[in-house]
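J.: So that we are looking at the same thing, I have put the structure below in structure tokens.
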Protein chains: 2
Amino acid sequence: MPTIVVDVMPKSELLDPQGKAVSGALARLGVESFSAVRIGKRFELTVDGEVDETVLDAARRIADEVLSNSVIEDVVGIEVVE
Amino acid sequence: MPTIVVDVMPKSELLDPQGKAVSGALARLGVESFSAVRIGKRFELTVDGEVDETVLDAARRIADEVLSNSVIEDVVGIEVVE
């Protein structure tokens, strides 16, 4: 069944304390390849039937209105996966 | 700066109460295009310098050992984004 993946990340100008904590843990573990970590959400929406413009519009709408909080988060991607 | 994106999802055989809650909210809002919602995490790792095999190996290792809990989650994707 087709799936629509919606990616939501904290806005870049905001601190991401969860990401900072992981970044600190990596430094303590001796992993030094990464200078920053940010943590967002990945939603997998299972679609009943075909993915047409109506379904994509619904996905875009709920991505903005339900799945993300536009005050602190950005929708960074909406893509269809089979 | 290059970024490595790591996607982590709850294992498919496990219930995802957060996803179920969103799914119920969509039904109450009258959105009927989606039969299921699952919610996972998206990590953006900023890489200092080049992405070579060593960095990718480090990313794979921390994806399995730090960023995900293999008892309840699967790493579903690791990709390099410029």
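Residues in the structure tokens are named by chain (A, B, ... in the order shown) and by number from 1 within that chain; ligands are numbered from 1 in the order shown.
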Residues of chain A within 9 Å of chain B, using only C-alpha atoms, as a PyMOL selection string?
T.: chain A and resi 3+7-9+19+22-23+25-26+31-49+54-55+58-59+62+66-67
J.: Write out as a PyMOL selection string the residues lying within 8 Å of A:Ile72, counting only C-alpha atoms and excluding same-chain residues fewer than 2 positions away.
T.: chain A and resi 10-11+14+69-70+74
J.: Can you pull out every residue from chain B that DSSP, working from the backbone, puts in helix (DSSP H, G or I), and format the result as a short mmCIF file (atom, residue, chain, number, x, y, z; two decimals) with all heavy atoms, in the first residue's frame?
T.:
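Listed below is the output, out_1.cif:
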data_model
loop_
_atom_site.label_atom_id
_atom_site.label_comp_id
_atom_site.auth_asym_id
_atom_site.auth_seq_id
_atom_site.Cartn_x
_atom_site.Cartn_y
_atom_site.Cartn_z
N PRO B 17 1.10 3.93 19.92
CA PRO B 17 -0.03 4.68 20.51
C PRO B 17 -0.11 6.12 20.02
O PRO B 17 -1.19 6.64 19.80
CB PRO B 17 0.24 4.63 22.02
CG PRO B 17 1.39 3.73 22.23
CD PRO B 17 2.04 3.43 20.93
N GLN B 18 1.07 6.77 19.83
CA GLN B 18 1.09 8.14 19.33
C GLN B 18 0.47 8.21 17.94
O GLN B 18 -0.35 9.09 17.65
CB GLN B 18 2.56 8.60 19.22
CG GLN B 18 2.96 9.72 20.14
CD GLN B 18 4.29 10.32 19.69
OE1 GLN B 18 4.35 11.47 19.28
NE2 GLN B 18 5.35 9.55 19.77
N GLY B 19 0.87 7.26 17.09
CA GLY B 19 0.32 7.21 15.73
C GLY B 19 -1.18 6.95 15.75
O GLY B 19 -1.95 7.56 15.01
N LYS B 20 -1.59 6.03 16.63
CA LYS B 20 -3.02 5.72 16.76
C LYS B 20 -3.80 6.97 17.17
O LYS B 20 -4.90 7.23 16.68
CB LYS B 20 -3.24 4.64 17.84
CG LYS B 20 -2.96 3.23 17.38
CD LYS B 20 -4.27 2.44 17.18
CE LYS B 20 -4.02 1.02 16.76
NZ LYS B 20 -3.38 0.91 15.44
N ALA B 21 -3.23 7.77 18.08
CA ALA B 21 -3.90 8.98 18.54
C ALA B 21 -4.07 9.96 17.39
O ALA B 21 -5.15 10.56 17.21
CB ALA B 21 -3.10 9.61 19.68
N VAL B 22 -3.02 10.12 16.58
CA VAL B 22 -3.11 11.05 15.44
C VAL B 22 -4.14 10.53 14.44
O VAL B 22 -4.96 11.28 13.90
CB VAL B 22 -1.74 11.22 14.76
CG1 VAL B 22 -1.87 11.97 13.44
CG2 VAL B 22 -0.78 11.96 15.68
N SER B 23 -4.12 9.21 14.21
CA SER B 23 -5.07 8.60 13.30
C SER B 23 -6.51 8.87 13.75
O SER B 23 -7.39 9.22 12.94
CB SER B 23 -4.77 7.10 13.25
OG SER B 23 -5.43 6.48 12.20
N GLY B 24 -6.76 8.72 15.05
CA GLY B 24 -8.09 9.00 15.60
C GLY B 24 -8.46 10.47 15.43
O GLY B 24 -9.61 10.79 15.09
N ALA B 25 -7.49 11.36 15.65
CA ALA B 25 -7.74 12.80 15.50
C ALA B 25 -8.13 13.11 14.05
O ALA B 25 -9.05 13.89 13.79
CB ALA B 25 -6.51 13.59 15.90
N LEU B 26 -7.44 12.48 13.09
CA LEU B 26 -7.75 12.73 11.67
C LEU B 26 -9.17 12.28 11.36
O LEU B 26 -9.92 12.98 10.68
CB LEU B 26 -6.76 11.99 10.76
CG LEU B 26 -5.31 12.48 10.81
CD1 LEU B 26 -4.46 11.71 9.82
CD2 LEU B 26 -5.22 13.98 10.52
N ALA B 27 -9.55 11.11 11.87
CA ALA B 27 -10.91 10.61 11.64
C ALA B 27 -11.93 11.59 12.19
O ALA B 27 -12.92 11.92 11.52
CB ALA B 27 -11.06 9.23 12.27
N ARG B 28 -11.69 12.11 13.39
CA ARG B 28 -12.61 13.08 14.00
C ARG B 28 -12.68 14.37 13.20
O ARG B 28 -13.71 15.05 13.18
CB ARG B 28 -12.21 13.38 15.45
CG ARG B 28 -12.57 12.25 16.42
CD ARG B 28 -12.46 12.71 17.87
NE ARG B 28 -11.12 13.13 18.22
CZ ARG B 28 -10.11 12.31 18.52
NH1 ARG B 28 -10.29 11.00 18.49
NH2 ARG B 28 -8.92 12.78 18.84
N GLU B 53 33.76 6.98 3.86
CA GLU B 53 33.32 5.69 4.41
C GLU B 53 33.38 5.67 5.94
O GLU B 53 32.51 5.11 6.59
CB GLU B 53 34.14 4.54 3.84
CG GLU B 53 33.47 3.69 2.76
CD GLU B 53 31.96 3.47 2.92
OE1 GLU B 53 31.56 2.83 3.90
OE2 GLU B 53 31.18 3.93 2.06
N THR B 54 34.42 6.30 6.49
CA THR B 54 34.59 6.31 7.95
C THR B 54 33.41 7.00 8.62
O THR B 54 32.85 6.51 9.61
CB THR B 54 35.89 7.08 8.34
OG1 THR B 54 36.91 6.73 7.42
CG2 THR B 54 36.30 6.78 9.75
N VAL B 55 33.01 8.15 8.04
CA VAL B 55 31.90 8.90 8.62
C VAL B 55 30.60 8.10 8.47
O VAL B 55 29.80 8.02 9.41
CB VAL B 55 31.78 10.28 7.93
CG1 VAL B 55 30.52 11.00 8.40
CG2 VAL B 55 33.01 11.12 8.22
N LEU B 56 30.41 7.48 7.31
CA LEU B 56 29.20 6.68 7.09
C LEU B 56 29.15 5.50 8.06
O LEU B 56 28.09 5.17 8.59
CB LEU B 56 29.13 6.19 5.65
CG LEU B 56 28.55 7.22 4.67
CD1 LEU B 56 28.66 6.70 3.24
CD2 LEU B 56 27.09 7.52 4.99
N ASP B 57 30.33 4.85 8.26
CA ASP B 57 30.37 3.75 9.23
C ASP B 57 30.00 4.24 10.62
O ASP B 57 29.24 3.58 11.33
CB ASP B 57 31.78 3.14 9.27
CG ASP B 57 31.96 2.07 8.20
OD1 ASP B 57 30.93 1.63 7.65
OD2 ASP B 57 33.11 1.70 7.92
N ALA B 58 30.53 5.40 11.00
CA ALA B 58 30.20 5.96 12.31
C ALA B 58 28.70 6.23 12.40
O ALA B 58 28.06 5.94 13.42
CB ALA B 58 31.00 7.25 12.54
N ALA B 59 28.13 6.76 11.31
CA ALA B 59 26.69 7.06 11.31
C ALA B 59 25.88 5.77 11.48
O ALA B 59 24.92 5.72 12.25
CB ALA B 59 26.30 7.77 10.02
N ARG B 60 26.27 4.70 10.73
CA ARG B 60 25.55 3.43 10.85
C ARG B 60 25.65 2.88 12.25
O ARG B 60 24.68 2.37 12.81
CB ARG B 60 26.14 2.41 9.85
CG ARG B 60 25.76 2.70 8.42
CD ARG B 60 26.17 1.57 7.46
NE ARG B 60 26.33 2.11 6.12
CZ ARG B 60 27.50 2.31 5.51
NH1 ARG B 60 28.65 1.97 6.10
NH2 ARG B 60 27.54 2.83 4.30
N ARG B 61 26.86 3.01 12.84
CA ARG B 61 27.06 2.45 14.17
C ARG B 61 26.21 3.20 15.20
O ARG B 61 25.48 2.57 15.98
CB ARG B 61 28.56 2.53 14.54
CG ARG B 61 28.97 1.63 15.67
CD ARG B 61 30.48 1.41 15.68
NE ARG B 61 31.19 2.70 15.68
CZ ARG B 61 31.33 3.49 16.76
NH1 ARG B 61 30.84 3.11 17.92
NH2 ARG B 61 31.99 4.63 16.69
N ILE B 62 26.24 4.54 15.18
CA ILE B 62 25.46 5.27 16.19
C ILE B 62 23.96 5.15 15.91
O ILE B 62 23.16 5.18 16.83
CB ILE B 62 25.88 6.75 16.34
CG1 ILE B 62 25.55 7.56 15.10
CG2 ILE B 62 27.34 6.88 16.74
CD1 ILE B 62 25.56 9.05 15.36
N ALA B 63 23.58 4.97 14.63
CA ALA B 63 22.16 4.76 14.33
C ALA B 63 21.66 3.52 15.07
O ALA B 63 20.57 3.50 15.64
CB ALA B 63 21.94 4.62 12.83
N ASP B 64 22.48 2.44 15.05
CA ASP B 64 22.08 1.20 15.70
C ASP B 64 22.23 1.25 17.22
O ASP B 64 21.42 0.68 17.94
CB ASP B 64 22.92 0.03 15.17
CG ASP B 64 22.51 -0.36 13.75
OD1 ASP B 64 21.35 -0.08 13.38
OD2 ASP B 64 23.34 -0.92 13.01
N GLU B 65 23.30 1.92 17.69
CA GLU B 65 23.64 1.80 19.11
C GLU B 65 23.12 2.95 19.96
O GLU B 65 22.88 2.78 21.15
CB GLU B 65 25.16 1.69 19.27
CG GLU B 65 25.72 0.40 18.67
CD GLU B 65 27.24 0.35 18.70
OE1 GLU B 65 27.86 1.28 19.27
OE2 GLU B 65 27.80 -0.61 18.14
N VAL B 66 22.99 4.13 19.37
CA VAL B 66 22.63 5.31 20.18
C VAL B 66 21.27 5.88 19.79
O VAL B 66 20.43 6.16 20.63
CB VAL B 66 23.71 6.41 20.04
CG1 VAL B 66 23.36 7.62 20.90
CG2 VAL B 66 25.09 5.88 20.39
N LEU B 67 21.04 6.02 18.47
CA LEU B 67 19.85 6.75 18.03
C LEU B 67 18.59 5.89 18.05
O LEU B 67 17.48 6.41 18.04
CB LEU B 67 20.07 7.32 16.62
CG LEU B 67 21.31 8.20 16.45
CD1 LEU B 67 21.40 8.71 15.02
CD2 LEU B 67 21.29 9.36 17.43
#
J.: With chain A held fixed, move chain B onto it by a least-squares fit of all C-alpha atoms in order and give the output as a PDB file with C-alpha atoms, in the first residue's frame.
T.:
ATOM      1  CA  MET B   1      -0.014   0.014   0.014  1.00  0.00           C
ATOM      2  CA  PRO B   2       1.330   3.469  -0.799  1.00  0.00           C
ATOM      3  CA  THR B   3       2.641   5.522   2.080  1.00  0.00           C
ATOM      4  CA  ILE B   4       3.120   9.261   2.319  1.00  0.00           C
ATOM      5  CA  VAL B   5       6.084  10.254   4.474  1.00  0.00           C
ATOM      6  CA  VAL B   6       5.945  13.659   6.176  1.00  0.00           C
ATOM      7  CA  ASP B   7       9.131  14.974   7.799  1.00  0.00           C
ATOM      8  CA  VAL B   8       8.895  17.644  10.489  1.00  0.00           C
ATOM      9  CA  MET B   9      11.928  19.328  12.063  1.00  0.00           C
ATOM     10  CA  PRO B  10      12.311  21.969  14.787  1.00  0.00           C
ATOM     11  CA  LYS B  11      12.854  25.395  13.225  1.00  0.00           C
ATOM     12  CA  SER B  12      16.555  26.024  12.663  1.00  0.00           C
ATOM     13  CA  GLU B  13      16.575  29.205  14.759  1.00  0.00           C
ATOM     14  CA  LEU B  14      15.299  27.318  17.803  1.00  0.00           C
ATOM     15  CA  LEU B  15      17.368  25.335  20.256  1.00  0.00           C
ATOM     16  CA  ASP B  16      16.783  21.600  20.119  1.00  0.00           C
ATOM     17  CA  PRO B  17      17.584  20.327  23.631  1.00  0.00           C
ATOM     18  CA  GLN B  18      17.014  16.666  22.667  1.00  0.00           C
ATOM     19  CA  GLY B  19      19.463  17.008  19.786  1.00  0.00           C
ATOM     20  CA  LYS B  20      21.958  18.795  22.025  1.00  0.00           C
ATOM     21  CA  ALA B  21      21.729  15.927  24.524  1.00  0.00           C
ATOM     22  CA  VAL B  22      22.444  13.335  21.823  1.00  0.00           C
ATOM     23  CA  SER B  23      25.293  15.468  20.506  1.00  0.00           C
ATOM     24  CA  GLY B  24      26.814  15.589  24.003  1.00  0.00           C
ATOM     25  CA  ALA B  25      26.396  11.823  24.388  1.00  0.00           C
ATOM     26  CA  LEU B  26      28.242  11.239  21.088  1.00  0.00           C
ATOM     27  CA  ALA B  27      31.116  13.462  22.217  1.00  0.00           C
ATOM     28  CA  ARG B  28      31.371  11.505  25.483  1.00  0.00           C
ATOM     29  CA  LEU B  29      31.407   8.243  23.491  1.00  0.00           C
ATOM     30  CA  GLY B  30      34.323   9.523  21.428  1.00  0.00           C
ATOM     31  CA  VAL B  31      32.374   9.947  18.162  1.00  0.00           C
ATOM     32  CA  GLU B  32      33.700  13.164  16.676  1.00  0.00           C
ATOM     33  CA  SER B  33      32.505  13.118  13.059  1.00  0.00           C
ATOM     34  CA  PHE B  34      29.330  15.095  13.748  1.00  0.00           C
ATOM     35  CA  SER B  35      29.204  18.712  14.839  1.00  0.00           C
ATOM     36  CA  ALA B  36      25.475  18.910  15.518  1.00  0.00           C
ATOM     37  CA  VAL B  37      22.418  16.718  15.892  1.00  0.00           C
ATOM     38  CA  ARG B  38      18.820  17.830  15.438  1.00  0.00           C
ATOM     39  CA  ILE B  39      15.856  15.579  16.084  1.00  0.00           C
ATOM     40  CA  GLY B  40      12.532  15.809  14.326  1.00  0.00           C
ATOM     41  CA  LYS B  41       9.602  13.571  13.526  1.00  0.00           C
ATOM     42  CA  ARG B  42       8.824  11.259  10.658  1.00  0.00           C
ATOM     43  CA  PHE B  43       5.160  10.425   9.987  1.00  0.00           C
ATOM     44  CA  GLU B  44       4.171   7.505   7.784  1.00  0.00           C
ATOM     45  CA  LEU B  45       0.607   7.912   6.502  1.00  0.00           C
ATOM     46  CA  THR B  46      -0.787   4.742   4.923  1.00  0.00           C
ATOM     47  CA  VAL B  47      -3.038   5.590   1.996  1.00  0.00           C
ATOM     48  CA  ASP B  48      -6.134   3.537   1.180  1.00  0.00           C
ATOM     49  CA  GLY B  49      -6.069   3.179  -2.598  1.00  0.00           C
ATOM     50  CA  GLU B  50      -4.437   5.526  -5.088  1.00  0.00           C
ATOM     51  CA  VAL B  51      -2.351   8.593  -4.294  1.00  0.00           C
ATOM     52  CA  ASP B  52      -3.961  11.369  -6.356  1.00  0.00           C
ATOM     53  CA  GLU B  53      -3.946  15.166  -6.065  1.00  0.00           C
ATOM     54  CA  THR B  54      -6.793  15.099  -3.525  1.00  0.00           C
ATOM     55  CA  VAL B  55      -4.864  12.774  -1.219  1.00  0.00           C
ATOM     56  CA  LEU B  56      -1.674  14.825  -1.613  1.00  0.00           C
ATOM     57  CA  ASP B  57      -3.597  18.018  -0.830  1.00  0.00           C
ATOM     58  CA  ALA B  58      -5.022  16.363   2.282  1.00  0.00           C
ATOM     59  CA  ALA B  59      -1.516  15.273   3.289  1.00  0.00           C
ATOM     60  CA  ARG B  60      -0.134  18.810   2.826  1.00  0.00           C
ATOM     61  CA  ARG B  61      -3.014  20.273   4.794  1.00  0.00           C
ATOM     62  CA  ILE B  62      -2.701  17.908   7.777  1.00  0.00           C
ATOM     63  CA  ALA B  63       1.106  18.240   7.679  1.00  0.00           C
ATOM     64  CA  ASP B  64       0.673  21.981   8.291  1.00  0.00           C
ATOM     65  CA  GLU B  65      -2.356  21.891  10.582  1.00  0.00           C
ATOM     66  CA  VAL B  66      -2.142  18.663  12.573  1.00  0.00           C
ATOM     67  CA  LEU B  67       1.266  17.007  12.306  1.00  0.00           C
ATOM     68  CA  SER B  68       3.387  20.101  12.914  1.00  0.00           C
ATOM     69  CA  ASN B  69       3.240  23.131  15.165  1.00  0.00           C
ATOM     70  CA  SER B  70       4.130  26.012  12.852  1.00  0.00           C
ATOM     71  CA  VAL B  71       5.328  28.168  15.756  1.00  0.00           C
ATOM     72  CA  ILE B  72       8.260  25.867  16.481  1.00  0.00           C
ATOM     73  CA  GLU B  73       8.457  23.364  13.587  1.00  0.00           C
ATOM     74  CA  ASP B  74       8.833  23.257   9.815  1.00  0.00           C
ATOM     75  CA  VAL B  75       7.493  20.614   7.452  1.00  0.00           C
ATOM     76  CA  VAL B  76      10.693  19.762   5.558  1.00  0.00           C
ATOM     77  CA  GLY B  77       9.415  17.039   3.263  1.00  0.00           C
ATOM     78  CA  ILE B  78       6.345  15.276   1.936  1.00  0.00           C
ATOM     79  CA  GLU B  79       6.999  12.320  -0.341  1.00  0.00           C
ATOM     80  CA  VAL B  80       5.194   9.293  -1.655  1.00  0.00           C
ATOM     81  CA  VAL B  81       6.764   5.891  -1.006  1.00  0.00           C
ATOM     82  CA  GLU B  82       5.282   2.695  -2.474  1.00  0.00           C
TER      83      GLU B  82
END
